[in-house]
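J.: So that you have it, the file is protein_39.cif, and it contains mmCIF, C-alpha atoms and all ligand atoms:
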data_query
loop_
_atom_site.label_atom_id
_atom_site.label_comp_id
_atom_site.auth_asym_id
_atom_site.auth_seq_id
_atom_site.Cartn_x
_atom_site.Cartn_y
_atom_site.Cartn_z
CA MET Q 9 -71.50 93.30 45.44
CA ARG Q 10 -68.92 96.01 46.14
CA GLY Q 11 -69.33 98.48 48.99
CA PRO Q 12 -71.73 101.46 48.78
CA SER Q 13 -69.18 104.22 48.23
CA THR Q 14 -67.28 102.16 45.65
CA ARG Q 15 -70.51 101.65 43.75
CA THR Q 16 -71.64 105.29 43.78
CA ILE Q 17 -68.21 106.70 42.96
CA HIS Q 18 -67.83 104.49 39.89
CA ALA Q 19 -71.48 104.32 38.79
CA GLY Q 20 -72.05 105.47 35.23
CA VAL Q 21 -68.52 106.86 34.83
CA PRO Q 22 -67.24 106.16 31.29
CA ALA Q 23 -64.11 104.08 30.66
CA ALA Q 24 -60.78 105.94 30.92
CA ALA Q 25 -59.88 107.88 27.76
CA GLN Q 26 -56.64 109.80 27.32
CA GLY Q 27 -57.05 113.51 27.98
CA GLU Q 28 -60.75 113.28 28.92
CA PRO Q 29 -62.11 114.32 32.34
CA LEU Q 30 -62.96 111.55 34.83
CA LEU Q 31 -66.60 112.62 34.82
CA PRO Q 32 -67.67 114.25 31.52
CA GLY Q 33 -68.85 117.83 31.97
CA PRO Q 34 -72.47 118.97 31.58
CA VAL Q 35 -73.88 119.13 28.06
CA LEU Q 36 -76.07 122.17 27.49
CA ALA Q 37 -77.84 121.86 24.15
CA ALA Q 38 -81.27 122.45 22.64
CA PRO Q 39 -80.72 121.09 19.10
CA TYR Q 40 -77.64 119.01 18.23
CA HIS Q 41 -76.02 118.68 14.79
CA LEU Q 42 -78.23 116.16 13.03
CA ARG Q 43 -77.49 115.52 9.38
CA GLY Q 44 -79.66 113.23 7.28
CA PRO Q 45 -82.27 110.83 8.73
CA ALA Q 46 -83.97 111.78 12.05
CA ASP Q 47 -82.59 108.68 13.79
CA ALA Q 48 -78.97 109.15 12.64
CA THR Q 49 -78.08 109.85 16.32
CA PRO Q 50 -80.11 109.58 19.57
CA TYR Q 51 -79.01 113.16 20.28
CA GLY Q 52 -81.16 115.18 17.88
CA TYR Q 53 -83.14 117.48 20.17
CA GLY Q 54 -82.70 118.36 23.86
CA ARG Q 55 -86.23 117.39 24.96
CA ASP Q 56 -85.64 113.79 23.81
CA ALA Q 57 -82.06 113.07 24.85
CA ASN Q 58 -79.00 114.56 26.53
CA PRO Q 59 -75.60 112.89 27.16
CA SER Q 60 -75.58 114.17 30.77
CA TRP Q 61 -78.88 112.31 31.35
CA THR Q 62 -77.39 109.23 29.73
CA HIS Q 63 -74.42 109.13 32.14
CA LEU Q 64 -76.62 109.74 35.18
CA GLU Q 65 -79.19 107.17 34.03
CA ARG Q 66 -76.45 104.55 33.63
CA ALA Q 67 -75.29 105.30 37.16
CA LEU Q 68 -78.76 105.14 38.71
CA GLY Q 69 -79.76 102.10 36.65
CA GLU Q 70 -76.71 100.25 38.00
CA LEU Q 71 -77.51 101.23 41.59
CA ASP Q 72 -81.24 100.45 41.28
CA GLY Q 73 -80.83 97.26 39.24
CA GLY Q 74 -83.10 98.46 36.41
CA GLU Q 75 -83.37 100.98 33.59
CA ALA Q 76 -83.42 104.55 34.94
CA VAL Q 77 -85.16 107.59 33.46
CA VAL Q 78 -84.44 111.05 34.92
CA PHE Q 79 -87.00 113.84 35.23
CA ALA Q 80 -87.16 117.51 36.21
CA SER Q 81 -88.30 116.80 39.79
CA GLY Q 82 -89.67 114.08 42.05
CA MET Q 83 -93.23 115.15 41.17
CA ALA Q 84 -92.44 114.92 37.44
CA ALA Q 85 -91.13 111.37 38.01
CA LEU Q 86 -94.12 110.40 40.12
CA THR Q 87 -96.59 111.85 37.59
CA ALA Q 88 -94.84 109.92 34.80
CA VAL Q 89 -95.42 106.64 36.68
CA LEU Q 90 -99.10 107.40 37.34
CA MET Q 91 -99.82 108.60 33.79
CA THR Q 92 -98.11 105.63 32.10
CA SER Q 93 -99.56 102.94 34.43
CA LEU Q 94 -103.18 104.00 34.97
CA ARG Q 95 -106.21 104.61 32.80
CA SER Q 96 -109.88 105.39 33.28
CA GLY Q 97 -111.63 102.79 35.46
CA ASP Q 98 -108.43 101.75 37.25
CA VAL Q 99 -107.88 101.74 41.00
CA LEU Q 100 -104.72 103.15 42.61
CA VAL Q 101 -103.72 102.04 46.11
CA ALA Q 102 -101.46 104.53 47.91
CA CYS Q 103 -100.08 105.07 51.40
CA GLY Q 104 -102.28 107.52 53.33
CA ASP Q 105 -99.31 108.81 55.33
CA GLY Q 106 -97.10 109.28 52.29
CA TYR Q 107 -95.97 112.36 50.38
CA PRO Q 108 -98.92 114.79 50.14
CA GLY Q 109 -98.25 115.45 46.42
CA VAL Q 110 -99.56 111.96 45.55
CA ARG Q 111 -102.81 112.53 47.42
CA ALA Q 112 -103.33 115.95 45.80
CA LEU Q 113 -102.74 114.52 42.31
CA ALA Q 114 -105.08 111.61 43.01
CA GLU Q 115 -107.85 113.88 44.23
CA GLU Q 116 -107.56 116.78 41.80
CA ARG Q 117 -106.27 115.11 38.61
CA LEU Q 118 -106.86 111.34 38.65
CA ARG Q 119 -110.38 111.29 40.07
CA PRO Q 120 -111.77 113.52 37.24
CA LEU Q 121 -110.17 111.07 34.75
CA GLY Q 122 -112.13 108.17 36.31
CA ILE Q 123 -109.26 106.73 38.35
CA GLU Q 124 -110.21 105.90 41.94
CA THR Q 125 -107.65 106.02 44.77
CA ARG Q 126 -107.74 103.93 47.95
CA LEU Q 127 -105.57 105.30 50.75
CA VAL Q 128 -104.17 102.70 53.13
CA ALA Q 129 -101.78 102.87 56.11
CA THR Q 130 -98.11 102.02 55.47
CA ASP Q 131 -98.69 98.53 56.81
CA THR Q 132 -97.73 95.28 55.06
CA GLY Q 133 -101.03 93.51 55.77
CA ALA Q 134 -103.31 96.44 54.91
CA LEU Q 135 -101.48 97.18 51.64
CA SER Q 136 -101.42 93.50 50.59
CA GLU Q 137 -105.15 93.20 51.21
CA ALA Q 138 -105.96 96.44 49.38
CA ALA Q 139 -104.07 95.27 46.26
CA ALA Q 140 -107.02 93.09 45.11
CA GLY Q 141 -108.67 94.89 42.19
CA ALA Q 142 -105.98 97.58 41.96
CA ALA Q 143 -103.95 98.38 38.84
CA LEU Q 144 -101.09 99.99 40.76
CA VAL Q 145 -99.95 99.82 44.38
CA TRP Q 146 -97.91 102.87 45.30
CA LEU Q 147 -95.72 102.31 48.36
CA GLU Q 148 -93.71 104.80 50.31
CA THR Q 149 -91.38 103.09 52.77
CA PRO Q 150 -90.18 104.55 55.04
CA SER Q 151 -93.25 106.78 54.89
CA ASN Q 152 -92.89 110.45 55.47
CA PRO Q 153 -93.14 112.13 57.94
CA ARG Q 154 -94.07 109.24 60.31
CA LEU Q 155 -91.30 106.92 58.99
CA ASP Q 156 -93.40 103.74 59.05
CA VAL Q 157 -91.93 100.78 57.19
CA CYS Q 158 -93.64 98.06 55.17
CA ASP Q 159 -92.29 94.84 53.65
CA ILE Q 160 -91.82 95.51 49.90
CA ALA Q 161 -91.35 91.82 48.98
CA ALA Q 162 -94.52 90.76 50.82
CA VAL Q 163 -96.68 93.53 49.31
CA ALA Q 164 -95.18 92.91 45.83
CA GLY Q 165 -96.01 89.19 46.14
CA ALA Q 166 -99.65 89.92 47.03
CA ALA Q 167 -99.98 92.69 44.42
CA HIS Q 168 -98.55 90.57 41.60
CA ALA Q 169 -100.85 87.68 42.55
CA ALA Q 170 -103.74 90.16 42.21
CA GLY Q 171 -102.43 91.42 38.83
CA ALA Q 172 -101.31 94.83 40.11
CA LEU Q 173 -98.08 96.68 39.44
CA VAL Q 174 -95.96 97.88 42.37
CA ALA Q 175 -94.11 101.19 42.52
CA VAL Q 176 -92.05 102.37 45.49
CA ASP Q 177 -91.23 105.98 46.36
CA ASN Q 178 -87.64 105.42 47.50
CA THR Q 179 -86.82 109.06 48.25
CA VAL Q 180 -86.12 108.62 51.95
CA ALA Q 181 -83.90 105.54 51.62
CA THR Q 182 -82.17 106.25 48.23
CA PRO Q 183 -80.87 103.38 46.05
CA LEU Q 184 -77.98 102.84 48.50
CA GLY Q 185 -80.32 102.50 51.46
CA GLN Q 186 -82.86 100.22 49.81
CA ARG Q 187 -83.28 98.51 46.43
CA PRO Q 188 -87.01 98.14 45.76
CA LEU Q 189 -86.55 96.35 42.41
CA ALA Q 190 -84.52 93.62 44.11
CA PHE Q 191 -87.47 93.07 46.48
CA GLY Q 192 -89.88 92.58 43.58
CA ALA Q 193 -91.19 96.10 42.85
CA ASP Q 194 -91.75 96.92 39.17
CA LEU Q 195 -90.83 100.58 39.51
CA ALA Q 196 -88.63 102.55 41.92
CA MET Q 197 -89.17 106.30 41.92
CA LEU Q 198 -87.33 108.93 43.91
CA SER Q 199 -86.99 112.64 44.38
CA GLY Q 200 -83.29 113.31 43.82
CA THR Q 201 -83.87 116.70 45.41
CA LYS Q 202 -83.39 115.18 48.88
CA SER Q 203 -80.58 112.79 49.94
CA LEU Q 204 -79.54 111.68 46.46
CA CYS Q 205 -78.21 115.11 45.43
CA GLY Q 206 -77.85 116.17 49.05
CA HIS Q 207 -76.64 119.77 48.77
CA SER Q 208 -80.01 121.57 48.65
CA ASP Q 209 -79.21 123.04 45.23
CA VAL Q 210 -80.90 120.72 42.69
CA LEU Q 211 -84.44 119.54 41.93
CA LEU Q 212 -84.48 116.20 40.13
CA GLY Q 213 -86.54 113.01 39.85
CA VAL Q 214 -85.81 109.44 38.77
CA VAL Q 215 -87.79 106.33 37.94
CA SER Q 216 -86.15 102.92 37.43
CA ALA Q 217 -88.07 100.07 35.82
CA THR Q 218 -87.37 96.35 35.52
CA ASP Q 219 -89.22 96.12 32.19
CA PRO Q 220 -87.52 97.94 29.25
CA GLU Q 221 -90.95 98.58 27.68
CA ARG Q 222 -92.06 100.42 30.79
CA ALA Q 223 -88.85 102.47 30.71
CA ALA Q 224 -89.55 103.30 27.05
CA ALA Q 225 -93.07 104.46 27.98
CA LEU Q 226 -91.59 106.69 30.70
CA ARG Q 227 -89.14 108.22 28.21
CA SER Q 228 -91.90 108.82 25.72
CA TRP Q 229 -94.04 110.47 28.46
CA ARG Q 230 -91.04 112.64 29.34
CA SER Q 231 -90.70 113.87 25.74
CA GLN Q 232 -94.47 114.40 25.42
CA SER Q 233 -94.91 116.23 28.74
CA GLY Q 234 -91.58 118.07 28.55
CA ALA Q 235 -90.81 117.23 32.21
CA ILE Q 236 -87.08 117.14 31.52
CA ALA Q 237 -84.08 117.68 33.77
CA GLY Q 238 -81.58 120.33 32.65
CA GLY Q 239 -78.17 119.08 31.49
CA PHE Q 240 -76.46 121.00 34.28
CA GLU Q 241 -78.78 119.57 36.96
CA ALA Q 242 -78.19 116.03 35.67
CA TRP Q 243 -74.44 116.58 35.84
CA LEU Q 244 -74.65 118.08 39.36
CA ALA Q 245 -76.66 115.04 40.45
CA HIS Q 246 -74.04 112.67 39.05
CA ARG Q 247 -71.26 114.63 40.73
CA SER Q 248 -73.16 114.58 44.06
CA LEU Q 249 -73.83 110.85 43.82
CA ALA Q 250 -70.14 110.12 44.44
CA THR Q 251 -70.43 111.22 48.09
CA LEU Q 252 -73.82 109.60 48.78
CA GLY Q 253 -72.27 106.70 50.73
CA LEU Q 254 -70.19 109.03 52.91
CA ARG Q 255 -73.10 111.38 53.47
CA LEU Q 256 -75.48 108.57 54.42
CA GLU Q 257 -72.95 107.05 56.82
CA ARG Q 258 -72.48 110.32 58.69
CA SER Q 259 -76.10 111.47 58.63
CA SER Q 260 -77.48 108.04 59.62
CA ALA Q 261 -75.00 107.81 62.52
CA SER Q 262 -75.96 111.30 63.72
CA ALA Q 263 -79.68 110.52 63.38
CA ALA Q 264 -79.28 107.30 65.41
CA ALA Q 265 -77.32 109.14 68.11
CA LEU Q 266 -79.97 111.86 68.20
CA VAL Q 267 -82.76 109.26 68.58
CA ALA Q 268 -80.96 107.79 71.61
CA ARG Q 269 -80.52 111.23 73.25
CA LEU Q 270 -84.10 112.35 72.54
CA ARG Q 271 -85.52 109.13 74.03
CA GLU Q 272 -83.72 109.92 77.29
CA ARG Q 273 -85.38 113.32 77.60
CA GLY Q 274 -88.63 113.73 79.52
CA ASP Q 275 -89.63 116.82 77.48
CA VAL Q 276 -89.73 114.96 74.14
CA LEU Q 277 -93.07 113.14 73.87
CA GLU Q 278 -92.48 110.73 71.00
CA VAL Q 279 -89.53 109.87 68.74
CA VAL Q 280 -89.91 108.09 65.37
CA HIS Q 281 -87.16 106.64 63.17
CA PRO Q 282 -87.21 103.69 60.73
CA SER Q 283 -86.79 100.59 62.90
CA GLY Q 284 -87.86 96.97 63.48
CA PRO Q 285 -87.09 93.67 61.74
CA VAL Q 286 -88.41 94.71 58.30
CA ALA Q 287 -86.33 97.92 58.31
CA GLU Q 288 -83.26 95.93 59.36
CA ARG Q 289 -83.72 93.40 56.58
CA GLN Q 290 -84.69 95.86 53.88
CA MET Q 291 -82.54 98.94 54.56
CA ALA Q 292 -78.76 99.33 54.53
CA TYR Q 293 -79.02 102.74 56.28
CA ALA Q 294 -81.85 104.03 58.49
CA GLY Q 295 -81.24 107.47 56.95
CA PRO Q 296 -81.10 111.07 58.21
CA LEU Q 297 -84.74 111.58 59.23
CA VAL Q 298 -85.97 111.67 62.82
CA GLY Q 299 -89.46 112.74 63.87
CA PHE Q 300 -90.14 113.95 67.40
CA THR Q 301 -92.99 115.62 69.20
CA LEU Q 302 -92.70 118.58 71.55
CA ALA Q 303 -95.56 119.64 73.82
CA SER Q 304 -96.93 122.48 71.65
CA ALA Q 305 -96.52 124.42 68.42
CA GLU Q 306 -95.00 127.29 70.45
CA ARG Q 307 -92.38 125.08 72.07
CA ALA Q 308 -91.53 123.54 68.66
CA GLN Q 309 -91.07 127.00 67.13
CA ALA Q 310 -88.95 128.14 70.10
CA PHE Q 311 -86.75 125.06 69.60
CA LEU Q 312 -86.29 125.81 65.88
CA ASP Q 313 -85.50 129.46 66.65
CA ALA Q 314 -82.88 128.46 69.25
CA CYS Q 315 -80.93 126.07 66.94
CA GLU Q 316 -77.70 127.51 65.56
CA LEU Q 317 -76.59 124.67 63.27
CA VAL Q 318 -80.03 123.54 62.11
CA ALA Q 319 -81.75 125.56 59.38
CA GLU Q 320 -85.55 125.84 59.56
CA ALA Q 321 -86.44 124.52 56.12
CA THR Q 322 -88.58 121.89 54.45
CA SER Q 323 -87.06 119.07 52.40
CA PHE Q 324 -84.37 116.77 53.90
CA GLY Q 325 -81.25 114.78 53.19
CA GLY Q 326 -78.87 117.73 52.68
CA VAL Q 327 -75.39 118.19 54.11
CA HIS Q 328 -76.81 121.02 56.25
CA SER Q 329 -79.07 119.82 59.05
CA THR Q 330 -82.64 121.06 58.63
CA ALA Q 331 -85.85 120.81 60.62
CA GLU Q 332 -89.40 122.06 60.47
CA ARG Q 333 -92.67 121.95 62.36
CA ARG Q 334 -94.42 119.67 59.94
CA ALA Q 335 -97.99 120.65 60.89
CA ARG Q 336 -97.38 124.13 59.43
CA TRP Q 337 -98.25 122.72 55.99
CA GLY Q 338 -101.60 121.28 57.09
CA THR Q 339 -101.10 118.21 54.86
CA ASP Q 340 -100.03 115.48 57.32
CA ALA Q 341 -101.69 113.78 60.29
CA VAL Q 342 -99.13 114.86 62.89
CA ALA Q 343 -99.27 116.72 66.23
CA GLU Q 344 -98.86 120.51 66.27
CA GLY Q 345 -95.50 120.12 68.03
CA PHE Q 346 -94.13 117.42 65.65
CA ILE Q 347 -90.66 118.24 64.31
CA ARG Q 348 -89.31 116.57 61.18
CA PHE Q 349 -85.56 116.66 61.66
CA SER Q 350 -82.98 115.84 58.98
CA ALA Q 351 -79.48 115.19 60.27
CA GLY Q 352 -76.85 116.67 57.98
CA CYS Q 353 -73.12 115.97 57.78
CA GLU Q 354 -71.91 118.26 60.59
CA ASP Q 355 -69.82 116.54 63.24
CA THR Q 356 -72.17 114.42 65.33
CA ALA Q 357 -71.06 115.84 68.70
CA ASP Q 358 -71.59 119.44 67.53
CA LEU Q 359 -75.02 118.66 66.14
CA LEU Q 360 -76.20 116.84 69.29
CA ALA Q 361 -74.89 119.64 71.52
CA ASP Q 362 -76.76 122.23 69.44
CA VAL Q 363 -80.04 120.28 69.55
CA GLU Q 364 -79.82 119.68 73.31
CA ARG Q 365 -78.98 123.31 73.98
CA ALA Q 366 -81.92 124.44 71.83
CA LEU Q 367 -84.29 122.03 73.60
CA ASP Q 368 -83.12 123.33 77.00
CA ALA Q 369 -83.60 126.92 75.80
CA ALA Q 370 -87.08 126.32 74.31
C1 LIG U 1 -89.90 115.74 48.01
C2 LIG U 1 -90.61 114.45 47.75
C3 LIG U 1 -91.27 114.22 46.55
C4 LIG U 1 -91.38 115.28 45.47
O1 LIG U 1 -90.14 115.61 44.96
P1 LIG U 1 -89.77 117.04 44.29
O2 LIG U 1 -88.38 116.83 43.83
O3 LIG U 1 -89.94 118.07 45.34
O4 LIG U 1 -90.73 117.25 43.17
C5 LIG U 1 -91.88 112.98 46.38
N1 LIG U 1 -91.82 112.03 47.33
C6 LIG U 1 -91.20 112.24 48.50
C7 LIG U 1 -91.19 111.15 49.52
C8 LIG U 1 -90.59 113.45 48.76
O5 LIG U 1 -89.99 113.64 49.94
#
Step by step, read the file and then write its structure as structure tokens.
Ligand SMILES: *Cc1c(COP(=O)(O)O)cnc(C)c1O

T.:
Amino acid sequence: MRGPSTRTIHAGVPAAAQGEPLLPGPVLAAPYHLRGPADATPYGYGRDANPSWTHLERALGELDGGEAVVFASGMAALTAVLMTSLRSGDVLVACGDGYPGVRALAEERLRPLGIETRLVATDTGALSEAAAGAALVWLETPSNPRLDVCDIAAVAGAAHAAGALVAVDNTVATPLGQRPLAFGADLAMLSGTKSLCGHSDVLLGVVSATDPERAAALRSWRSQSGAIAGGFEAWLAHRSLATLGLRLERSSASAAALVARLRERGDVLEVVHPSGPVAERQMAYAGPLVGFTLASAERAQAFLDACELVAEATSFGGVHSTAERRARWGTDAVAEGFIRFSAGCEDTADLLADVERALDAA
């Protein structure tokens, strides 16, 4: 397999054609010219198909090793997986420390439809055990915000033996950092809003499937629900994909350097970052996220206020470094002083100096 930047730069880019741009521009269309029978072209109406989706889906399908379907946002992608894989009477197993949107959907939307959810820690043994009797096991590894890692291949083996499907939320790692389908997952979902697009200017979601019938069901759900990406957003995502390898190299190196510095400081209580033998085997990059705990909510806020290069913002994976006091949302089991930090693509030395200065000031 070629290197990560080679793969992302060339992914989904059409063959050279005289006088054509290297990456075709965005297609903005509601209806297309469609003469004669409804299936004379796949491009009949903009809720069903768009050439900018097609290029991006080719790119992401290549990177994921499956058939990709793009959506309006990560939540639209996630909802598509749940609604096409589960029905009344089914059991969903999900990571209790994963993205809060899954838990809210499970509680407020799935439960009234007769779908029960079992929340389990992001732990290989616990998830494998919980798979018995489930229709779908929903993994998030690394989990977020605590960045725990589980073994996708081991959980997929147990889940498949129990007759359950396996889906992985791959937002934190991205398809360059981790390839869930190669480890046996049936579906890989991600929010492109974070590292994949990486410039804090696009919301987008993706699901890749190994089974073409499952991909067809996702496309049909997309048309029925209308959860479609805009042509311009799809094009921006494809354009941004080209620098994913470079961005991950820089942000992962800065995050690792930050972890080392923070662990040397007596005023930082705990530091979390994807690590251990499973992370090393499964992930090509540990990624931009670092979690660390300061003594109180006040100290955490003072730190955020004192940073010059780090924007206080939710989300992660952008070229600008961002951080937030995660407990402000009230959705995660973290300490009041827990900071979720996303290393951007600033020069590592500048970023570390800014963080240390802000910690000293706080
Ligand atoms: C942000 C996020 C989502 C939701 O994605 P949106 O694009 O905001 O809808 C889902 N899963 C994880 C892990 C996320 O970080």

J.: Neighbouring residues of ligand LIG 1 (chain U) are defined here as those with any atom at most 7 Å from a ligand atom, counting only C-alpha atoms and all ligand atoms; list them as a list in words.

T.: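 The neighbouring residues of ligand LIG 1 (chain U) are, in order, Ser81, Gly82, Met83, Ala84, Gly106, Tyr107, Gly109, Glu148, Asn152, Asp177, Thr179, Val180, Leu198, Ser199, Gly200, Thr201, Lys202, Leu211, Leu212, Gly213 and Ser323 of chain Q.
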
J.: Take the residues that were just selected and, keeping C-alpha atoms, output them as a tab-separated table (two decimals), in the coordinates of the input.

T.:
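The resulting file, selection06.tsv, is shown below:
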chain	number	residue	atom	x	y	z
Q	81	SER	CA	-88.30	116.80	39.79
Q	82	GLY	CA	-89.67	114.08	42.05
Q	83	MET	CA	-93.23	115.15	41.17
Q	84	ALA	CA	-92.44	114.92	37.44
Q	106	GLY	CA	-97.10	109.28	52.29
Q	107	TYR	CA	-95.97	112.36	50.38
Q	109	GLY	CA	-98.25	115.45	46.42
Q	148	GLU	CA	-93.71	104.80	50.31
Q	152	ASN	CA	-92.89	110.45	55.47
Q	177	ASP	CA	-91.23	105.98	46.36
Q	179	THR	CA	-86.82	109.06	48.25
Q	180	VAL	CA	-86.12	108.62	51.95
Q	198	LEU	CA	-87.33	108.93	43.91
Q	199	SER	CA	-86.99	112.64	44.38
Q	200	GLY	CA	-83.29	113.31	43.82
Q	201	THR	CA	-83.87	116.70	45.41
Q	202	LYS	CA	-83.39	115.18	48.88
Q	211	LEU	CA	-84.44	119.54	41.93
Q	212	LEU	CA	-84.48	116.20	40.13
Q	213	GLY	CA	-86.54	113.01	39.85
Q	323	SER	CA	-87.06	119.07	52.40

J.: Counting only C-alpha atoms, which of Q:Cys353, Q:Val176, Q:Leu135, Q:Ala370 gets nearest to Glu257 (chain Q)?

T.: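 Comparing Q:Cys353, Q:Val176, Q:Leu135, Q:Ala370 against Glu257 (chain Q), the winner is Q:Cys353.
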
J.: Which residue gives the smallest distance to Pro108 (chain Q) among Q:Gly284, Q:Gly27, Q:Gly20, Q:Pro153, with all atoms listed in the file counted?

T.: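 When distances to Pro108 (chain Q) are compared using all atoms listed in the file, the smallest one comes from Q:Pro153.
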
J.: Taking 2 positions as the minimum chain separation for residues in the same chain, which residues sit within 7 Å of Trp61 (chain Q) when counting all atoms listed in the file? Answer as a short mmCIF file (atom, residue, chain, number, x, y, z; two decimals) with C-alpha atoms, in the frame of the given file.

T.:
data_model
loop_
_atom_site.label_atom_id
_atom_site.label_comp_id
_atom_site.auth_asym_id
_atom_site.auth_seq_id
_atom_site.Cartn_x
_atom_site.Cartn_y
_atom_site.Cartn_z
CA ASN Q 58 -79.00 114.56 26.53
CA PRO Q 59 -75.60 112.89 27.16
CA HIS Q 63 -74.42 109.13 32.14
CA LEU Q 64 -76.62 109.74 35.18
CA GLU Q 65 -79.19 107.17 34.03
CA VAL Q 78 -84.44 111.05 34.92
CA GLY Q 239 -78.17 119.08 31.49
CA ALA Q 242 -78.19 116.03 35.67
#

J.: Please measure the separation of CA of Leu302 (chain Q) and CA of Asp340 (chain Q), giving the value in Å to one decimal.

T.: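 Computing the Euclidean distance for CA of Leu302 (chain Q) and CA of Asp340 (chain Q) yields 16.3 Å.
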
J.: With distances taken over all atoms listed in the file, which residue among Q:Thr125, Q:Thr14, Q:Thr149, Q:Ser350 lies nearest Leu266 (chain Q)?

T.: Q:Ser350

J.: Distance CA of Thr62 (chain Q)-CA of Pro220 (chain Q), one decimal place?

T.: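 These two atoms are separated by 15.2 Å.
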
J.: Can you pull out the residues contacting Val280 (chain Q)? Cut-off 12 Å, using only C-alpha atoms, and skip same-chain residues under 5 positions away; I want them as a PDB file with C-alpha atoms, keeping the file's coordinate frame.

T.:
ATOM      1  CA  PRO Q 150     -90.180 104.550  55.040  1.00  0.00           C
ATOM      2  CA  SER Q 151     -93.250 106.780  54.890  1.00  0.00           C
ATOM      3  CA  ASN Q 152     -92.890 110.450  55.470  1.00  0.00           C
ATOM      4  CA  PRO Q 153     -93.140 112.130  57.940  1.00  0.00           C
ATOM      5  CA  ARG Q 154     -94.070 109.240  60.310  1.00  0.00           C
ATOM      6  CA  LEU Q 155     -91.300 106.920  58.990  1.00  0.00           C
ATOM      7  CA  ASP Q 156     -93.400 103.740  59.050  1.00  0.00           C
ATOM      8  CA  VAL Q 157     -91.930 100.780  57.190  1.00  0.00           C
ATOM      9  CA  ALA Q 263     -79.680 110.520  63.380  1.00  0.00           C
ATOM     10  CA  ALA Q 264     -79.280 107.300  65.410  1.00  0.00           C
ATOM     11  CA  LEU Q 266     -79.970 111.860  68.200  1.00  0.00           C
ATOM     12  CA  VAL Q 267     -82.760 109.260  68.580  1.00  0.00           C
ATOM     13  CA  ALA Q 268     -80.960 107.790  71.610  1.00  0.00           C
ATOM     14  CA  LEU Q 270     -84.100 112.350  72.540  1.00  0.00           C
ATOM     15  CA  ARG Q 271     -85.520 109.130  74.030  1.00  0.00           C
ATOM     16  CA  ALA Q 294     -81.850 104.030  58.490  1.00  0.00           C
ATOM     17  CA  PRO Q 296     -81.100 111.070  58.210  1.00  0.00           C
ATOM     18  CA  LEU Q 297     -84.740 111.580  59.230  1.00  0.00           C
ATOM     19  CA  VAL Q 298     -85.970 111.670  62.820  1.00  0.00           C
ATOM     20  CA  GLY Q 299     -89.460 112.740  63.870  1.00  0.00           C
ATOM     21  CA  PHE Q 300     -90.140 113.950  67.400  1.00  0.00           C
ATOM     22  CA  THR Q 301     -92.990 115.620  69.200  1.00  0.00           C
ATOM     23  CA  VAL Q 342     -99.130 114.860  62.890  1.00  0.00           C
ATOM     24  CA  PHE Q 346     -94.130 117.420  65.650  1.00  0.00           C
ATOM     25  CA  ILE Q 347     -90.660 118.240  64.310  1.00  0.00           C
ATOM     26  CA  ARG Q 348     -89.310 116.570  61.180  1.00  0.00           C
ATOM     27  CA  PHE Q 349     -85.560 116.660  61.660  1.00  0.00           C
TER      28      PHE Q 349
END

J.: Taking all atoms listed in the file into account, name the residue in Q:Gly325, Q:Arg269, Q:Arg289, Q:His281 that is nearest to Glu364 (chain Q).

T.: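 Looking at the shortest contact to Glu364 (chain Q), the residue is Q:Arg269.
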
J.: Return the single residue from Q:Val215, Q:Ala57, Q:Val21, Q:Ala190 that is closest to Gly238 (chain Q), with distances computed using all atoms listed in the file.

T.: Q:Ala57
